[in-house]
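> Below: one structure in structure tokens.
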Amino acid sequence: MIEIKNLTKRFGHITAVDDLSFRVQPGEVLGFLGPNGAGKSTTMKMVTGFLAPTSGAISVCGHDVLTDAAGAQAAIGYLPEGAPLYPDMNPRSMMRFVGRARGMAPSRLTARIDEVCRLVHLEAVMDQRIETLSKGFKRRVGLALAILNDPEVLILDEPTDGLDPNQKHEVRELIRTMSAGKVIVLSTHILEEVEAVCTRAMIVAEGSIKFDGTPAELRGSSRFAGAIEIAVASDHAEVAQRDLAELGSVSHIGEVVEAEGETRFVVFPATDAPLLEDVQRVAAGASWSLVRLAVDRGRMDDVFRTVTTGQSAQGA
Amino acid sequence: MTVFRRELAGYFGTPVAYVFLVIFLILAGVFTWQLGGYYELEQADLRGFFTFHPWLYLALIPALSMRLWAEERRSGTIEFLMTLPISTGGAVLGKFLAAWAFTGLGLALTVTNWWTVNYLGEPDNGVILASYLGSFLMAGGFLAVGSALSALTKNQVSAFVLTFTASLLFVLAGFPAVTDAISGWAPDWFVASIRNLSFLDHFDAITRGVVDARDVLYFLSVIALFLFGSAVIVDQKKAD
């Protein structure tokens, strides 16, 4: 378990992390979201004992990071931002180094190196100097080092950065399969990634928590959640919008876009209204016909922008 | 000691190590047999060889020590290293010992000089053994200074220049020209302290064949002090 209490970090006059408090339980995969410079990496550096906090307390699996850094670090597998590695070593010697530093028994280390190398697909490059590897391979070596001794806590700073879509998919699978009983915290810029692997999403901006909930709740808090996007022939657009606006279940209509003779607009629901039923009924009896209709589950990028820039969600 | 093993292996993974060893041996040879006037002196000892060691180290040790921490900080691997369950002191010591062992290897390879003088004459082998010990201790002193200064910067060239300058001061503090210059106006105790700080003074004492505990202690204290300084600087600067 990771427990963070009133964590603050200042660099001179800049407050990078501002009175942050939260806990992560075993089994949870926490997606740490936020714009660049929001304090994600700084928080991760403090949890792993690399950076000393200005104030506050961090405990990892019962070890206080400030007084027992080595104890906490023994429980943590960490992939730092950019996956820094020694360029003159190869993945195998790097893994041996980390295994020894973590006090793994030689037989277990050998077995784990084989296992981890298969998990992240490094077989082909195990004895190649790291400086000759591509960005994707380097990232996977970093990941292999983080999971080498099967730690209780995994802290991954942008684990899929620099990977191609197939590799991204594999790494997400890997994280999902490892997550049972572990505490995993990962930071990312990719909102879909949170939905794909995380059980909990947290948005930080300006050093404090702006959202904390499940990825579904994150999506659901979008103003688009439950809204219906409708496309009709542009000739009928005005009539269609007027007909729909009369419905009690419609709060307002917005996001009108016209392209290639067809007009798209979004119908926002009034609270808890049976919008889809009403729209279908109106459309069936109307003089205009639907070209397309799609129910929006909510847009994560919209919530992200709203939450991190402080703009009102009801802006449209 | 995991860090020690990695670092030592690291030296041999790069051409730098071999270049360093070759240059070290060539210079040691040139200094001994040519500049040291070995043949002219017609004496079977290694005085000439050891006299040049401070100057040899002055040029070569900064090149070895500059990458100790500067490289880790520049490439960001320091974050990887310092988040492993290894203490800062352990990492500082491991890196230092690896560099020291590597220098020791270079020194050990000059053993052919020892064989040669034994073949040519009957030198005082006790003095030579003491000189080797002194030289090794002095190399440790230079490396410890280099370790601390390497932790100060992300730039290896800066680390080299800083270490070279600091080492030069340590060597020159015992040089007659320097001590004469300050003895004119400074009180005696000050001159003595400056002289005492010099690598040269303590090294010369040992190469005369007298292994005084105070000279050994001096080098060990310099090493301990600068390694402690390294650990403090690494802790302070690691995240910059």
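Residue numbering restarts at 1 in every chain; chains get A, B, ... in the order shown in the structure tokens, and ligands count up from 1 in that same order.
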Pull out every residue of chain B that has at least one atom within 6 Å of chain A, counting only C-alpha atoms, and report them as a PyMOL selection string.
chain B and resi 2+76-77+83-85
> As a list in words, please: the residues near Gly39 (chain A) (cut-off 8 Å, only C-alpha atoms, same-chain neighbours under 6 positions excluded).
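My reading of the contact set: Ala16, Val17, Val204, Ala205, Glu206 and Gly207 of chain A.
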> Write the residues you've just listed into a file as a CSV table (one decimal), in the first residue's frame, and include C-alpha atoms for each of them.

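For reference, selection-v2.csv as written:
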chain,number,residue,atom,x,y,z
A,16,ALA,CA,5.3,21.5,-7.9
A,17,VAL,CA,3.2,19.4,-5.6
A,204,VAL,CA,-3.5,16.3,-11.1
A,205,ALA,CA,-2.9,19.8,-12.2
A,206,GLU,CA,-0.9,22.6,-10.6
A,207,GLY,CA,0.2,20.1,-7.9
> Of the residues B:Trp189, B:Phe164, B:Phe96, B:Tyr132, which is the one nearest to Ile223 (chain B), using only C-alpha atoms?
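Answer, going by the shortest atom-to-atom distance: B:Phe96.
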> Quick one: everything within 8 Å of Val234 (chain B), counting only C-alpha atoms, minus sequence neighbours fewer than 2 positions away in the same chain. Send it as a list of chain:residue names.
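Counting only the stated atoms, we get B:Trp69, B:Thr88, B:Ala151, B:Leu152, B:Ser230, B:Ala231, B:Val232, B:Gln236, B:Lys237, B:Lys238.
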> For Val171 (chain B), work out the shell of residues within 8 Å, counting only C-alpha atoms and skipping chain neighbours fewer than 6 positions away, then give it as a VMD selection string.
chain B and resid 54 198 to 200
> So that I can check the surroundings of Arg139 (chain A), please list as a PyMOL selection string every protein, DNA and RNA residue that reaches within 8 Å of it, counting only C-alpha atoms and ignoring chain neighbours fewer than 5 positions away.
chain A and resi 82-83+159-163
> Would you return as a PyMOL selection string the members of region 127-216 of chain B that DSSP assigns to helix (DSSP H, G or I) on this structure's backbone?
chain B and resi 127-152+156-172+176-183+188-197+199-207+213-216
> Name the residues in contact with Gly31 (chain A) at a cut-off of 6 Å, using only C-alpha atoms, excluding same-chain residues fewer than 6 positions from it; report them as a VMD selection string.
chain A and resid 186 to 187 194 198 201
> Those residues you just picked out, can you put them in a file as an mmCIF file, in the first residue's frame with N, CA and C atoms?

data_model
loop_
_atom_site.group_PDB
_atom_site.id
_atom_site.type_symbol
_atom_site.label_atom_id
_atom_site.label_comp_id
_atom_site.auth_asym_id
_atom_site.auth_seq_id
_atom_site.Cartn_x
_atom_site.Cartn_y
_atom_site.Cartn_z
ATOM 1 N N LEU A 186 0.800 4.381 -12.545
ATOM 2 C CA LEU A 186 1.445 4.735 -13.803
ATOM 3 C C LEU A 186 0.989 6.100 -14.258
ATOM 4 N N SER A 187 1.882 6.824 -14.878
ATOM 5 C CA SER A 187 1.492 8.123 -15.412
ATOM 6 C C SER A 187 1.425 8.002 -16.920
ATOM 7 N N VAL A 194 -5.729 4.844 -19.753
ATOM 8 C CA VAL A 194 -6.312 4.775 -18.420
ATOM 9 C C VAL A 194 -7.503 3.839 -18.431
ATOM 10 N N CYS A 198 -6.350 0.896 -16.181
ATOM 11 C CA CYS A 198 -6.438 1.369 -14.802
ATOM 12 C C CYS A 198 -7.776 1.060 -14.158
ATOM 13 N N ALA A 201 -8.584 6.422 -11.811
ATOM 14 C CA ALA A 201 -7.955 7.516 -12.543
ATOM 15 C C ALA A 201 -7.842 8.729 -11.636
#
> Please, what distance in Å, to one decimal, runs between CA of Val185 (chain A) and CA of Met82 (chain B)?
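Straight-line distance from CA of Val185 (chain A) to CA of Met82 (chain B) works out to 19.3 Å.
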> Hey, what's within 8 Å of Val145 (chain B) if we count only C-alpha atoms and toss same-chain stuff fewer than 2 positions away? As a list in words, please?
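So, after excluding close chain neighbours, the residues are Gly141, Phe142, Leu143, Ser147, Ala148, Leu149, Thr163, Ala166, Ser167, Ile223, Phe226 and Leu227 of chain B.
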> Any chance you could export the current selection's C-alpha atoms as a PDB file, in the first residue's frame?

ATOM      1  CA  GLY B 141      43.523  10.734  -2.698  1.00  0.00           C
ATOM      2  CA  PHE B 142      43.347  12.143  -6.220  1.00  0.00           C
ATOM      3  CA  LEU B 143      40.371   9.896  -7.045  1.00  0.00           C
ATOM      4  CA  SER B 147      34.747  11.902  -7.108  1.00  0.00           C
ATOM      5  CA  ALA B 148      33.507  14.880  -5.093  1.00  0.00           C
ATOM      6  CA  LEU B 149      34.108  17.357  -7.898  1.00  0.00           C
ATOM      7  CA  THR B 163      39.648  18.109 -10.487  1.00  0.00           C
ATOM      8  CA  ALA B 166      42.149  21.094  -7.163  1.00  0.00           C
ATOM      9  CA  SER B 167      44.715  18.314  -7.549  1.00  0.00           C
ATOM     10  CA  ILE B 223      40.027   9.844   0.946  1.00  0.00           C
ATOM     11  CA  PHE B 226      36.303  13.675   0.102  1.00  0.00           C
ATOM     12  CA  LEU B 227      34.174  10.543  -0.140  1.00  0.00           C
TER      13      LEU B 227
END
> Pull the strand (DSSP E or B) assignments for region 16-206 of chain A out of DSSP run on the backbone, and list those residues as a ChimeraX atom specification.
/A:16-24,29-33,55-60,63-64,76-79,153-157,183-187,200-205
> Next, the residues of the selection above should be written as a compact mmCIF listing (two decimals), in the first residue's frame with N, CA and C atoms.

# COMPACT_ATOMS: atom_id res chain seq x y z
N ALA A 16 5.55 22.59 -6.95
CA ALA A 16 5.32 21.54 -7.95
C ALA A 16 4.22 20.59 -7.47
N VAL A 17 4.23 20.30 -6.18
CA VAL A 17 3.23 19.42 -5.59
C VAL A 17 2.69 20.13 -4.36
N ASP A 18 1.36 20.24 -4.30
CA ASP A 18 0.76 21.10 -3.30
C ASP A 18 -0.19 20.31 -2.39
N ASP A 19 0.31 19.93 -1.22
CA ASP A 19 -0.52 19.31 -0.19
C ASP A 19 -1.35 18.13 -0.72
N LEU A 20 -0.65 17.19 -1.32
CA LEU A 20 -1.30 16.03 -1.94
C LEU A 20 -1.50 14.94 -0.89
N SER A 21 -2.69 14.36 -0.83
CA SER A 21 -2.93 13.22 0.06
C SER A 21 -3.75 12.17 -0.67
N PHE A 22 -3.28 10.94 -0.70
CA PHE A 22 -4.10 9.83 -1.19
C PHE A 22 -3.46 8.49 -0.82
N ARG A 23 -4.24 7.43 -0.99
CA ARG A 23 -3.75 6.07 -0.73
C ARG A 23 -4.01 5.23 -1.95
N VAL A 24 -3.14 4.26 -2.17
CA VAL A 24 -3.38 3.28 -3.22
C VAL A 24 -3.29 1.90 -2.58
N VAL A 29 -4.84 -0.28 -9.91
CA VAL A 29 -3.93 0.27 -10.91
C VAL A 29 -4.33 1.73 -11.07
N LEU A 30 -3.50 2.59 -10.53
CA LEU A 30 -3.85 4.02 -10.54
C LEU A 30 -3.21 4.71 -11.73
N GLY A 31 -4.06 5.31 -12.54
CA GLY A 31 -3.57 6.10 -13.67
C GLY A 31 -3.43 7.54 -13.24
N PHE A 32 -2.22 8.04 -13.36
CA PHE A 32 -1.89 9.38 -12.92
C PHE A 32 -1.91 10.27 -14.16
N LEU A 33 -2.88 11.15 -14.24
CA LEU A 33 -3.02 11.97 -15.44
C LEU A 33 -2.75 13.43 -15.10
N SER A 55 7.61 19.00 2.52
CA SER A 55 6.92 18.58 3.74
C SER A 55 5.94 17.47 3.39
N GLY A 56 5.44 16.79 4.42
CA GLY A 56 4.52 15.70 4.20
C GLY A 56 5.16 14.35 4.46
N ALA A 57 4.34 13.30 4.38
CA ALA A 57 4.83 11.96 4.68
C ALA A 57 4.42 10.98 3.59
N ILE A 58 5.31 10.02 3.32
CA ILE A 58 5.01 8.96 2.36
C ILE A 58 5.35 7.64 3.01
N SER A 59 4.42 6.69 2.92
CA SER A 59 4.73 5.36 3.43
C SER A 59 4.44 4.35 2.32
N VAL A 60 5.40 3.45 2.10
CA VAL A 60 5.25 2.41 1.07
C VAL A 60 5.38 1.05 1.75
N HIS A 63 6.90 1.12 5.07
CA HIS A 63 8.20 1.77 5.24
C HIS A 63 8.06 3.27 4.98
N ASP A 64 8.49 4.06 5.95
CA ASP A 64 8.48 5.50 5.77
C ASP A 64 9.62 5.86 4.82
N ILE A 76 9.69 -1.46 -4.14
CA ILE A 76 9.22 -0.74 -5.33
C ILE A 76 10.00 -1.14 -6.58
N GLY A 77 9.29 -1.39 -7.67
CA GLY A 77 9.91 -1.46 -8.98
C GLY A 77 9.60 -0.14 -9.68
N TYR A 78 10.63 0.52 -10.17
CA TYR A 78 10.42 1.89 -10.68
C TYR A 78 10.94 2.04 -12.10
N LEU A 79 10.12 2.57 -12.95
CA LEU A 79 10.56 2.94 -14.30
C LEU A 79 10.59 4.46 -14.35
N VAL A 153 5.10 -3.16 -5.30
CA VAL A 153 4.66 -1.86 -5.79
C VAL A 153 5.38 -1.55 -7.10
N LEU A 154 4.61 -1.11 -8.08
CA LEU A 154 5.21 -0.72 -9.36
C LEU A 154 4.91 0.74 -9.61
N ILE A 155 5.94 1.52 -9.87
CA ILE A 155 5.75 2.93 -10.22
C ILE A 155 6.30 3.11 -11.63
N LEU A 156 5.43 3.41 -12.55
CA LEU A 156 5.85 3.47 -13.95
C LEU A 156 5.57 4.86 -14.52
N ASP A 157 6.63 5.58 -14.84
CA ASP A 157 6.46 6.93 -15.38
C ASP A 157 6.42 6.84 -16.91
N VAL A 183 0.30 -3.03 -6.02
CA VAL A 183 -0.04 -1.62 -6.13
C VAL A 183 0.67 -1.11 -7.38
N ILE A 184 -0.07 -0.60 -8.34
CA ILE A 184 0.56 -0.08 -9.54
C ILE A 184 0.14 1.38 -9.74
N VAL A 185 1.13 2.22 -9.93
CA VAL A 185 0.85 3.62 -10.25
C VAL A 185 1.55 3.91 -11.56
N LEU A 186 0.80 4.38 -12.54
CA LEU A 186 1.45 4.73 -13.80
C LEU A 186 0.99 6.10 -14.26
N SER A 187 1.88 6.82 -14.88
CA SER A 187 1.49 8.12 -15.41
C SER A 187 1.42 8.00 -16.92
N ARG A 200 -8.43 2.94 -11.50
CA ARG A 200 -8.69 4.23 -10.86
C ARG A 200 -7.93 5.31 -11.64
N ALA A 201 -8.58 6.42 -11.81
CA ALA A 201 -7.96 7.52 -12.54
C ALA A 201 -7.84 8.73 -11.64
N MET A 202 -6.71 9.40 -11.71
CA MET A 202 -6.54 10.60 -10.90
C MET A 202 -5.94 11.68 -11.78
N ILE A 203 -6.58 12.83 -11.81
CA ILE A 203 -6.03 13.93 -12.59
C ILE A 203 -5.40 14.93 -11.63
N VAL A 204 -4.12 15.23 -11.87
CA VAL A 204 -3.49 16.29 -11.09
C VAL A 204 -3.13 17.44 -12.01
N ALA A 205 -3.33 18.63 -11.49
CA ALA A 205 -2.90 19.82 -12.21
C ALA A 205 -2.50 20.84 -11.18
